[in-house]
Structures are given as structure tokens and as C-alpha cells.
file upload36.txt (compact mmCIF, C-alpha atoms)
# COMPACT_ATOMS: atom_id res chain seq x y z
CA MET A 16 -86.91 -9.14 -169.62
CA ASN A 17 -85.30 -6.18 -167.92
CA THR A 18 -87.38 -3.31 -166.48
CA ASN A 19 -86.34 -0.20 -164.54
CA SER A 20 -82.75 -1.32 -164.52
CA THR A 21 -80.68 1.52 -165.87
CA SER A 22 -78.33 3.98 -164.24
CA ASP A 23 -79.76 7.14 -165.92
CA PRO A 24 -81.81 8.84 -163.18
CA ASP A 25 -84.04 10.56 -165.77
CA ILE A 26 -85.36 7.24 -167.06
CA ILE A 27 -88.78 6.70 -165.53
CA TYR A 28 -89.57 3.50 -167.39
CA TYR A 29 -87.31 1.03 -169.11
CA TYR A 30 -87.97 -2.28 -170.77
CA ASP A 31 -85.73 -4.59 -172.75
CA GLY A 32 -87.11 -7.80 -174.23
CA PRO A 33 -89.77 -9.23 -176.53
CA CYS A 34 -92.40 -6.63 -177.48
CA ASN A 35 -95.84 -8.14 -177.57
CA ASN A 36 -99.23 -6.90 -176.42
CA ARG A 37 -98.69 -7.91 -172.81
CA ILE A 38 -95.82 -5.41 -172.62
CA ILE A 39 -97.86 -2.74 -174.37
CA GLN A 40 -100.66 -3.13 -171.84
CA GLU A 41 -98.20 -2.95 -168.96
CA LEU A 42 -96.71 0.20 -170.43
CA VAL A 43 -100.06 1.89 -171.06
CA ASP A 44 -101.01 1.26 -167.42
CA LYS A 45 -97.68 2.68 -166.28
CA VAL A 46 -97.89 5.82 -168.42
CA SER A 47 -101.52 6.40 -167.42
CA ALA A 48 -100.45 6.27 -163.78
CA LEU A 49 -97.64 8.76 -164.41
CA PHE A 50 -99.95 11.32 -166.04
CA GLN A 51 -103.05 11.07 -163.91
CA ASP A 52 -103.70 14.77 -163.29
CA ASP A 53 -105.94 16.59 -165.77
CA LYS A 54 -103.30 19.15 -166.74
CA SER A 55 -100.99 16.55 -168.24
CA ASP A 56 -103.66 14.13 -169.39
CA SER A 57 -103.27 15.21 -173.04
CA LEU A 58 -99.50 14.76 -172.80
CA GLY A 59 -100.00 11.33 -171.24
CA LYS A 60 -102.34 10.32 -174.05
CA ARG A 61 -99.89 11.51 -176.71
CA ILE A 62 -97.09 9.56 -175.05
CA SER A 63 -99.25 6.43 -174.64
CA SER A 64 -100.40 6.57 -178.28
CA ALA A 65 -96.85 6.99 -179.57
CA ALA A 66 -95.57 4.29 -177.22
CA ILE A 67 -98.08 1.74 -178.51
CA GLU A 68 -97.06 2.38 -182.13
CA MET A 69 -93.34 2.34 -181.35
CA ILE A 70 -93.45 -0.88 -179.30
CA GLN A 71 -95.63 -2.59 -181.91
CA ASN A 72 -93.04 -1.55 -184.51
CA ILE A 73 -90.33 -3.31 -182.49
CA GLY A 74 -92.57 -6.38 -182.20
CA PHE A 75 -93.23 -6.45 -185.94
CA TYR A 76 -89.98 -5.25 -187.50
CA SER A 77 -87.07 -5.96 -185.17
CA ASP A 78 -84.51 -8.17 -186.86
CA GLU A 79 -84.00 -10.02 -183.57
CA LYS A 80 -86.94 -12.28 -182.75
CA THR A 81 -88.09 -14.92 -180.34
CA VAL A 82 -91.09 -17.24 -180.28
CA ILE A 83 -93.85 -16.60 -177.74
CA ASP A 84 -97.01 -18.70 -177.82
CA GLY A 85 -96.11 -19.88 -181.32
CA GLU A 86 -95.74 -16.33 -182.68
CA LEU A 87 -92.52 -14.61 -183.75
CA VAL A 88 -92.08 -11.51 -181.59
CA GLY A 89 -89.46 -8.80 -182.13
CA ILE A 90 -87.01 -7.96 -179.36
CA GLY A 91 -85.88 -4.45 -178.46
CA SER A 92 -85.68 -1.88 -175.71
CA PHE A 93 -87.98 0.97 -174.81
CA SER A 94 -87.42 3.93 -172.46
CA VAL A 95 -89.51 6.83 -171.21
CA ILE A 96 -87.23 9.63 -170.08
CA ASN A 97 -88.13 12.81 -168.18
CA ARG A 98 -85.56 15.55 -168.79
CA ALA A 99 -86.83 18.40 -166.62
CA GLY A 100 -90.41 18.18 -167.89
CA THR A 101 -89.55 17.30 -171.48
CA PHE A 102 -90.40 13.69 -172.08
CA LEU A 103 -88.58 11.42 -174.52
CA ILE A 104 -89.45 7.99 -175.80
CA GLU A 105 -86.48 6.05 -177.06
CA THR A 106 -86.56 2.64 -178.69
CA LYS A 107 -83.70 0.43 -179.82
CA ASN A 108 -83.84 -2.72 -181.91
CA ARG A 109 -81.68 -4.68 -184.32
CA ILE A 110 -82.19 -3.91 -187.99
CA THR A 111 -80.63 -4.86 -191.31
CA ALA A 112 -78.64 -2.22 -193.21
CA GLU A 113 -81.11 -2.34 -196.08
CA LYS A 114 -84.14 -1.85 -193.83
CA PHE A 115 -82.39 1.03 -192.09
CA ARG A 116 -81.74 2.82 -195.39
CA LYS A 117 -85.44 2.57 -196.31
CA PHE A 118 -86.53 3.59 -192.84
CA GLU A 119 -84.21 6.60 -192.81
CA GLN A 120 -85.66 7.81 -196.13
CA TRP A 121 -89.20 7.47 -194.77
CA ILE A 122 -88.33 9.45 -191.62
CA LYS A 123 -86.61 12.17 -193.69
CA LYS A 124 -89.79 12.50 -195.73
CA LEU A 125 -91.96 12.74 -192.63
CA ASN A 126 -89.71 15.24 -190.87
CA SER A 127 -89.51 17.53 -193.90
CA SER A 128 -93.26 17.52 -194.64
CA THR A 129 -95.65 20.28 -193.61
CA LYS A 130 -98.71 19.45 -191.52
CA GLU A 131 -100.87 19.69 -194.64
CA GLU A 132 -98.52 17.41 -196.63
CA LEU A 133 -98.65 14.86 -193.80
CA LYS A 134 -102.42 15.02 -193.85
CA GLN A 135 -102.51 14.34 -197.60
CA LEU A 136 -99.97 11.52 -197.28
CA ARG A 137 -102.10 9.99 -194.53
CA LYS A 138 -105.19 10.14 -196.75
CA GLU A 139 -103.31 8.38 -199.55
CA PHE A 140 -102.25 5.55 -197.25
CA LEU A 141 -105.74 5.12 -195.85
CA LYS A 142 -107.17 5.03 -199.36
CA ASN A 143 -104.58 2.88 -201.07
CA GLY A 144 -103.55 0.57 -198.25
CA ALA A 145 -100.30 -0.21 -196.56
CA ALA A 146 -97.06 -0.45 -198.43
CA HIS A 147 -95.76 -3.90 -199.29
CA GLY A 148 -94.41 -5.65 -196.24
CA SER A 149 -96.01 -3.29 -193.75
CA ARG A 150 -97.95 -4.86 -190.89
CA GLY A 151 -99.69 -1.58 -190.11
CA ALA A 152 -101.15 1.15 -192.26
CA ASN A 153 -97.90 3.09 -192.62
CA ILE A 154 -99.41 5.97 -190.66
CA GLY A 155 -98.15 5.21 -187.15
CA LEU A 156 -94.98 7.31 -187.26
CA LEU A 157 -96.69 9.78 -189.58
CA ASP A 158 -99.31 10.44 -186.90
CA ILE A 159 -96.63 10.83 -184.24
CA VAL A 160 -94.95 13.61 -186.26
CA ARG A 161 -98.28 15.15 -187.19
CA LYS A 162 -99.72 15.28 -183.67
CA ASN A 163 -96.51 16.01 -181.88
CA GLY A 164 -95.17 18.69 -184.20
CA SER A 165 -91.55 17.70 -183.56
CA PRO A 166 -89.29 15.56 -185.73
CA ILE A 167 -88.48 11.93 -185.10
CA LEU A 168 -84.76 11.46 -184.47
CA THR A 169 -83.02 8.35 -185.71
CA GLY A 170 -79.55 6.91 -185.25
CA THR A 171 -77.71 3.63 -185.21
CA GLU A 172 -75.38 1.82 -182.90
CA ASN A 173 -73.05 -0.98 -183.93
CA ILE A 174 -72.89 -3.77 -181.40
CA ASN A 175 -70.82 -6.87 -182.17
CA GLY A 176 -71.20 -6.32 -185.91
CA SER A 177 -74.99 -5.84 -185.75
CA ILE A 178 -76.79 -2.56 -186.50
CA TYR A 179 -79.24 -1.29 -183.89
CA LEU A 180 -81.80 1.36 -184.84
CA ILE A 181 -82.44 4.05 -182.23
CA ILE A 182 -85.61 6.15 -182.54
CA THR A 183 -86.24 9.13 -180.28
CA VAL A 184 -89.42 11.18 -180.03
CA LYS A 185 -89.71 14.30 -177.87
CA PHE A 186 -92.89 15.42 -176.10
CA THR A 187 -93.60 18.70 -174.37
CA GLU A 188 -96.73 20.17 -172.77
CA GLU A 189 -98.81 22.03 -175.36
CA MET B 11 -128.39 -13.44 -189.89
CA ASP B 12 -127.10 -13.31 -186.30
CA ASN B 13 -126.06 -10.36 -184.19
CA LEU B 14 -122.33 -9.92 -183.66
CA LEU B 15 -121.26 -9.50 -180.06
CA ILE B 16 -117.61 -9.31 -178.97
CA ALA B 17 -116.59 -8.47 -175.41
CA LYS B 18 -114.22 -5.55 -174.93
CA THR B 19 -110.66 -6.26 -173.77
CA LYS B 20 -107.81 -3.86 -172.97
CA SER B 21 -106.51 -4.03 -176.53
CA THR B 22 -109.63 -4.87 -178.54
CA LEU B 23 -112.92 -3.09 -179.09
CA GLY B 24 -116.24 -4.11 -177.64
CA VAL B 25 -118.58 -4.87 -180.55
CA ASP B 26 -122.38 -4.98 -180.50
CA PHE B 27 -123.83 -5.25 -184.01
CA ARG B 28 -127.60 -5.77 -184.06
CA VAL B 29 -129.47 -6.87 -187.16
CA GLU B 30 -132.78 -5.58 -185.88
CA GLY B 31 -132.73 -1.80 -186.05
CA GLY B 32 -129.38 -1.83 -187.84
CA VAL B 33 -127.51 -0.39 -184.87
CA LEU B 34 -123.78 -1.07 -184.69
CA ASN B 35 -121.86 -0.11 -181.55
CA ILE B 36 -118.11 -0.19 -181.09
CA GLU B 37 -116.32 1.04 -178.01
CA GLY B 38 -112.95 1.00 -176.28
CA SER B 39 -109.37 0.74 -177.48
CA SER B 40 -107.91 -1.16 -180.40
CA TYR B 41 -104.29 -2.23 -180.71
CA PRO B 42 -104.54 -5.97 -181.30
CA GLU B 43 -101.50 -8.07 -182.09
CA ASN B 44 -103.10 -9.01 -185.39
CA THR B 45 -105.52 -6.30 -186.48
CA ARG B 46 -106.82 -8.22 -189.49
CA ASP B 47 -107.85 -11.18 -187.34
CA PHE B 48 -109.95 -8.84 -185.21
CA PHE B 49 -111.56 -6.74 -187.95
CA ASP B 50 -112.23 -9.46 -190.56
CA PRO B 51 -115.37 -10.79 -188.77
CA LEU B 52 -116.70 -7.22 -188.42
CA ILE B 53 -116.20 -6.56 -192.13
CA ALA B 54 -117.74 -9.94 -193.04
CA TRP B 55 -120.79 -9.13 -190.87
CA ILE B 56 -121.22 -5.73 -192.51
CA ASN B 57 -120.88 -7.26 -196.00
CA LYS B 58 -123.58 -9.79 -195.14
CA PHE B 59 -125.85 -7.12 -193.68
CA MET B 60 -125.51 -5.02 -196.84
CA LEU B 61 -126.40 -8.02 -199.02
CA GLU B 62 -129.33 -9.30 -196.98
CA GLU B 63 -130.85 -6.19 -195.42
CA THR B 64 -132.20 -2.92 -196.74
CA ALA B 65 -132.69 -1.15 -193.43
CA PRO B 66 -130.97 2.10 -192.44
CA LEU B 67 -127.83 1.64 -190.44
CA THR B 68 -126.35 3.57 -187.53
CA LEU B 69 -122.76 3.13 -186.38
CA ASN B 70 -121.99 4.47 -182.90
CA CYS B 71 -118.27 4.83 -182.15
CA LYS B 72 -117.09 5.45 -178.59
CA ILE B 73 -113.36 5.18 -179.03
CA ASP B 74 -110.61 5.61 -176.46
CA TYR B 75 -107.69 4.74 -178.72
CA LEU B 76 -107.05 3.24 -182.16
CA ASN B 77 -103.61 2.23 -183.38
CA SER B 78 -102.70 3.04 -186.95
CA SER B 79 -103.72 -0.28 -188.48
CA SER B 80 -107.08 -0.12 -186.67
CA ILE B 81 -107.67 3.34 -188.16
CA LYS B 82 -107.06 1.82 -191.59
CA PHE B 83 -109.62 -0.94 -190.99
CA LEU B 84 -112.19 1.51 -189.62
CA SER B 85 -111.64 3.69 -192.65
CA ASP B 86 -112.31 0.61 -194.84
CA ILE B 87 -115.56 0.02 -192.93
CA PHE B 88 -116.63 3.60 -193.64
CA ASP B 89 -115.93 3.03 -197.35
CA LYS B 90 -118.19 -0.02 -197.29
CA LEU B 91 -120.93 1.88 -195.51
CA SER B 92 -120.54 4.67 -198.01
CA ASN B 93 -121.20 2.18 -200.85
CA TYR B 94 -124.28 0.93 -198.98
CA SER B 95 -125.62 4.50 -198.71
CA LYS B 96 -125.32 4.85 -202.50
CA PHE B 97 -128.31 2.51 -202.78
CA GLY B 98 -130.40 5.17 -201.09
CA VAL B 99 -130.17 3.60 -197.64
CA GLY B 100 -129.61 5.99 -194.75
CA VAL B 101 -126.32 5.45 -192.97
CA THR B 102 -125.37 7.55 -189.95
CA VAL B 103 -122.12 7.57 -188.02
CA ASN B 104 -122.16 8.96 -184.50
CA TRP B 105 -118.62 9.64 -183.34
CA TYR B 106 -118.47 10.27 -179.59
CA TYR B 107 -115.56 12.04 -177.95
CA LYS B 108 -114.84 13.10 -174.39
CA LYS B 109 -114.46 16.79 -173.62
CA ASN B 110 -110.76 17.79 -174.02
CA ASP B 111 -109.95 14.58 -175.91
CA GLU B 112 -108.50 16.33 -178.94
CA ASP B 113 -106.99 13.15 -180.40
CA ILE B 114 -110.32 11.38 -180.70
CA LEU B 115 -112.07 14.55 -181.92
CA GLU B 116 -109.36 15.06 -184.56
CA MET B 117 -109.57 11.40 -185.59
CA GLY B 118 -113.33 11.82 -186.06
CA GLU B 119 -112.83 15.02 -188.04
CA ASP B 120 -110.34 13.29 -190.35
CA LEU B 121 -112.68 10.36 -190.95
CA LYS B 122 -115.63 12.69 -191.47
CA GLU B 123 -113.67 14.64 -194.07
CA ASP B 124 -113.10 11.49 -196.12
CA THR B 125 -116.66 10.18 -196.23
CA ASN B 126 -119.98 11.29 -197.64
CA LEU B 127 -121.90 9.62 -194.79
CA THR B 128 -123.98 11.57 -192.30
CA PHE B 129 -121.30 11.91 -189.65
CA ASN B 130 -122.09 13.45 -186.27
CA LEU B 131 -119.34 14.47 -183.87
CA ILE B 132 -120.88 14.28 -180.42
CA GLU B 133 -119.24 15.48 -177.21
CA MET B 134 -119.93 13.20 -174.23

call {"tool": "encode", "arguments": {"input": "upload36.txt", "output": "C-alpha cells"}}
result
Amino acid sequence: MNTNSTSDPDIIYYYDGPCNNRIIQELVDKVSALFQDDKSDSLGKRISSAAIEMIQNIGFYSDEKTVIDGELVGIGSFSVINRAGTFLIETKNRITAEKFRKFEQWIKKLNSSTKEELKQLRKEFLKNGAAHGSRGANIGLLDIVRKNGSPILTGTENINGSIYLIITVKFTEE
Amino acid sequence: MDNLLIAKTKSTLGVDFRVEGGVLNIEGSSYPENTRDFFDPLIAWINKFMLEETAPLTLNCKIDYLNSSSIKFLSDIFDKLSNYSKFGVGVTVNWYYKKNDEDILEMGEDLKEDTNLTFNLIEM
């Protein structure tokens, strides 16, 4: 595990390691403490909600796993960045090329949908259930785009022949 | 049939389902590691209640946060309650939200839109 150990001065929280519920709880406590005042409470809640989904996604879907308490847990990194009042969440985890292609298509669909289209898509998923292989309801990232109103950015990094998926979400005060 | 009582934790809901009076209370946050493991007993309890009881049912929800898979399971519970109400049994959902908590209000509005249950949005 590696927390708060990066040279970027804008990073206010950093974690690199297995992503299970203990980490999520630690993060929620940290974010809540950062956004205590009423003015930014809504922003803090949006960031916390998105963070929970994004860390759980690493835990479920990262291609790099370890065993904790008999359970396979995905490994990845997670940062909260404050760039002059604009907050970013960035996650990075190993992924297969095939999974990345599917994921990229899903994100393109989300980013190009209107708020109403996202709402309808959400209804369909809630009615018909999660897609094959999904641990969640398929609406985690959909809700992030829908509530946040800004696109999810994706990219990859090649490290020692492995592909790492990078997801960035931007948050501003409403 | 027994009541169902589950203590609230940081990542799981507090549950207080009472057979007598048909009052079901859930409160807190839900982002369990395995959502199905948490919600299966709740759904089993509701199924049993619907089979064995004919009393009206009230579900009180005081939610702080639900992750996406928890929303899916709660939506499934509403579908079950909706089927129960088709037998002429009164089912009421009271969805509580804190002032300025737009996320929880919006979540309640979305769920209300998709159900034919009596669904009250109540500011705390």
C-alpha cells in the first residue's frame, strides 16, 4: 500500500494497492473531512459517491489481483487532485486489451448521450439487470456522467508490456 | 415468521423489518463488497411476508448513500412490493431526504417514477 506518496503538489489523496471496502471507508472519511463546510458539501458528496464506484470497479475488474481474507481483490491506484478548485479523480489499473475495447465503447456511449438518454438507459438496466459479467448494475459510471454533467476521460499506459487503464473524472462546484 | 434486524455498519444498511404492523425500516449507506449477500436475506424476508401475511406494508427509507448495485437491488424490492400491492394490499414507501441533499432526493424521484406504489418524498 502506498498513500500520499507522490510528487504532484496538487494531489490531495493518493492510494496504490488492493481496493477493498476497508480502503473505500478510509477514502470516504478522508473526502468527508476535506469537504466539511456546507458550501462544498454537495461537491464532497458527488466526489465521495463517484470515488466509491470507481474504487469498487478497480476491486472488481482490475486484471491484477491479490487475495485478501480469501477473496480476490483488484489492485490499482486512486488519486484525488485539486487543480485550483477543480477536483479530479483519477484511477489506474491493469486491464486486458479486449476489456479495454469494450470499456472504451461503453464510455463513448455514455459521453455522447443526452441527460434524457442516460436516464432511459439507466431505467433499462434497472429493469433488465446487469450485463453479463458485471458485478454491479452497470449504472455506476452512467450515474457519474449523469450527475456530474462532464464526460469521463479514458486513456491507457503501457508498462512492461501490460496495458493500464486510466479513468479521469472532473468535478466543479455547481 | 420472525422480524429481521440487521445492525447498521459504515458500508451496509441498518435493517428493521417488523412482521407486526408491516413496518420495514432501512437506513444508512450501502456499498457492500458483495451486494447480493447483503440483500438476499431482505428479499427472502419480503417474499415470505408477501406469502404469509395480508397486512398493509410501509417501507421507510432513510438513505445516506447507495452504490449502483444497491440501487438495483432496492429497485427489485420495489418491484416485489408493487406485485404485492396488485392483490389490493396497501403498500406505502416513505423516502426521507435531508434538506439540500439533491442526490438522495433525485434518487427517490427516479425510483418513484418507476413504481406505481404510494411513494412519499419527505424532507427531514

call {"tool": "closest_atom_pairs", "arguments": {"input": "upload36.txt", "of": "segment 26-74 of chain B", "to": "segment 98-115 of chain B", "cutoff": "12 Å", "atoms": "only C-alpha atoms", "output": "tab-separated table"}}
result
residue	atom	partner	partner_atom	distance
B:Gly31	CA	B:Val101	CA	11.9
B:Gly32	CA	B:Val101	CA	9.4
B:Val33	CA	B:Thr102	CA	9.7
B:Leu34	CA	B:Val103	CA	9.4
B:Asn35	CA	B:Asn104	CA	9.5
B:Ile36	CA	B:Trp105	CA	10.1
B:Glu37	CA	B:Tyr106	CA	9.6
B:Gly38	CA	B:Tyr106	CA	11.3
B:Ser39	CA	B:Ile114	CA	11.2
B:Met60	CA	B:Val99	CA	9.8
B:Glu63	CA	B:Val99	CA	10.1
B:Thr64	CA	B:Val99	CA	6.9
B:Ala65	CA	B:Val99	CA	6.8
B:Pro66	CA	B:Gly100	CA	4.7
B:Leu67	CA	B:Val101	CA	4.8
B:Thr68	CA	B:Thr102	CA	4.8
B:Leu69	CA	B:Val103	CA	4.8
B:Asn70	CA	B:Asn104	CA	4.8
B:Cys71	CA	B:Trp105	CA	5.0
B:Lys72	CA	B:Tyr106	CA	5.1
B:Ile73	CA	B:Ile114	CA	7.1
B:Asp74	CA	B:Ile114	CA	7.2

call {"tool": "atom_distance", "arguments": {"input": "upload36.txt", "atom1": "atom CA of Tyr75 of chain B", "atom2": "atom CA of Glu30 of chain B"}}
result
28.1 Å

call {"tool": "closest_residue", "arguments": {"input": "upload36.txt", "among": "B:Tyr41, B:Leu127, B:Lys18, B:Asn93", "to": "Met69 of chain A", "atoms": "all atoms listed in the file"}}
result
B:Tyr41

call {"tool": "atom_distance", "arguments": {"input": "upload36.txt", "atom1": "atom CA of Ile87 of chain B", "atom2": "atom CA of Leu125 of chain A"}}
result
26.8 Å

call {"tool": "residues_around", "arguments": {"input": "upload36.txt", "residues": "Phe49 of chain B", "least_positions_apart": "2", "cutoff": "12 Å", "atoms": "all atoms listed in the file", "output": "list in words"}}
result
Ile16, Thr22, Leu23, Gly24, Val25, Ile36, Ser40, Tyr41, Pro42, Glu43, Asn44, Thr45, Arg46, Asp47, Pro51, Leu52, Ile53, Ala54, Trp55, Ile56, Ser79, Ser80, Ile81, Lys82, Phe83, Leu84, Ser85, Asp86 and Ile87 of chain B

call {"tool": "atom_distance", "arguments": {"input": "upload36.txt", "atom1": "atom CA of Phe93 of chain A", "atom2": "atom CA of Lys124 of chain A"}}
result
24.0 Å

call {"tool": "axis_aligned_box", "arguments": {"input": "upload36.txt", "around": "segment 158-163 of chain A", "padding_each_side": "6 Å", "output": "JSON"}}
result
{"center_x": -97.3, "center_y": 13.2, "center_z": -184.5, "size_x": 16.8, "size_y": 17.6, "size_z": 17.3}

call {"tool": "residues_around", "arguments": {"input": "upload36.txt", "residues": "segment 103-106 of chain A", "least_positions_apart": "4", "cutoff": "9 Å", "atoms": "all atoms listed in the file", "output": "JSON, numbers by chain"}}
result
{"A": [62, 65, 66, 69, 70, 73, 91, 92, 93, 94, 95, 96, 97, 98, 180, 181, 182, 183, 184, 185, 186, 187]}

call {"tool": "closest_residue", "arguments": {"input": "upload36.txt", "among": "A:Asp31, A:Glu132, A:Asp23, A:Glu41", "to": "chain B", "atoms": "only C-alpha atoms"}}
result
A:Glu41

call {"tool": "closest_residue", "arguments": {"input": "upload36.txt", "among": "A:Ile67, A:Ile83, A:Ile122, A:Val160", "to": "chain B", "atoms": "all atoms listed in the file"}}
result
A:Ile67

call {"tool": "closest_residue", "arguments": {"input": "upload36.txt", "among": "B:Asn77, B:Thr125, B:Asn57, B:Asn130", "to": "Ser63 of chain A", "atoms": "only C-alpha atoms"}}
result
B:Asn77

call {"tool": "build_atoms", "arguments": {"input": "upload36.txt", "residues": "segment 23-44 of chain B", "atoms": "N, CA and C atoms", "output": "CSV table (one decimal), in the frame of the given file"}}
result
chain,number,residue,atom,x,y,z
B,23,LEU,N,-111.7,-3.8,-179.2
B,23,LEU,CA,-112.9,-3.1,-179.1
B,23,LEU,C,-114.1,-4.0,-178.6
B,24,GLY,N,-115.0,-3.4,-177.9
B,24,GLY,CA,-116.2,-4.1,-177.6
B,24,GLY,C,-117.1,-3.9,-178.9
B,25,VAL,N,-117.8,-4.9,-179.3
B,25,VAL,CA,-118.6,-4.9,-180.6
B,25,VAL,C,-120.0,-5.4,-180.2
B,26,ASP,N,-121.0,-4.6,-180.7
B,26,ASP,CA,-122.4,-5.0,-180.5
B,26,ASP,C,-123.1,-4.6,-181.8
B,27,PHE,N,-123.2,-5.5,-182.7
B,27,PHE,CA,-123.8,-5.2,-184.0
B,27,PHE,C,-125.2,-6.0,-184.0
B,28,ARG,N,-126.2,-5.2,-184.1
B,28,ARG,CA,-127.6,-5.8,-184.1
B,28,ARG,C,-128.3,-5.7,-185.4
B,29,VAL,N,-128.8,-6.8,-185.9
B,29,VAL,CA,-129.5,-6.9,-187.2
B,29,VAL,C,-130.7,-6.0,-187.1
B,30,GLU,N,-131.5,-6.3,-186.0
B,30,GLU,CA,-132.8,-5.6,-185.9
B,30,GLU,C,-132.5,-4.1,-185.5
B,31,GLY,N,-133.0,-3.2,-186.3
B,31,GLY,CA,-132.7,-1.8,-186.0
B,31,GLY,C,-131.5,-1.3,-186.7
B,32,GLY,N,-130.6,-2.2,-187.1
B,32,GLY,CA,-129.4,-1.8,-187.8
B,32,GLY,C,-128.5,-0.9,-187.0
B,33,VAL,N,-128.4,-1.2,-185.7
B,33,VAL,CA,-127.5,-0.4,-184.9
B,33,VAL,C,-126.2,-1.1,-184.6
B,34,LEU,N,-125.1,-0.5,-184.9
B,34,LEU,CA,-123.8,-1.1,-184.7
B,34,LEU,C,-123.0,-0.2,-183.7
B,35,ASN,N,-122.6,-0.8,-182.6
B,35,ASN,CA,-121.9,-0.1,-181.6
B,35,ASN,C,-120.5,-0.7,-181.4
B,36,ILE,N,-119.5,0.2,-181.4
B,36,ILE,CA,-118.1,-0.2,-181.1
B,36,ILE,C,-117.6,0.7,-180.0
B,37,GLU,N,-116.8,0.2,-179.1
B,37,GLU,CA,-116.3,1.0,-178.0
B,37,GLU,C,-115.0,0.5,-177.4
B,38,GLY,N,-114.2,1.4,-177.0
B,38,GLY,CA,-113.0,1.0,-176.3
B,38,GLY,C,-111.7,1.3,-177.1
B,39,SER,N,-110.7,0.5,-176.8
B,39,SER,CA,-109.4,0.7,-177.5
B,39,SER,C,-109.1,-0.4,-178.4
B,40,SER,N,-108.3,-0.1,-179.4
B,40,SER,CA,-107.9,-1.2,-180.4
B,40,SER,C,-106.4,-1.1,-180.8
B,41,TYR,N,-105.7,-2.0,-180.3
B,41,TYR,CA,-104.3,-2.2,-180.7
B,41,TYR,C,-104.0,-3.7,-180.6
B,42,PRO,N,-104.8,-4.5,-181.4
B,42,PRO,CA,-104.5,-6.0,-181.3
B,42,PRO,C,-103.2,-6.4,-181.9
B,43,GLU,N,-102.8,-7.6,-181.5
B,43,GLU,CA,-101.5,-8.1,-182.1
B,43,GLU,C,-101.7,-8.3,-183.6
B,44,ASN,N,-102.8,-8.8,-184.0
B,44,ASN,CA,-103.1,-9.0,-185.4
B,44,ASN,C,-104.4,-8.3,-185.7
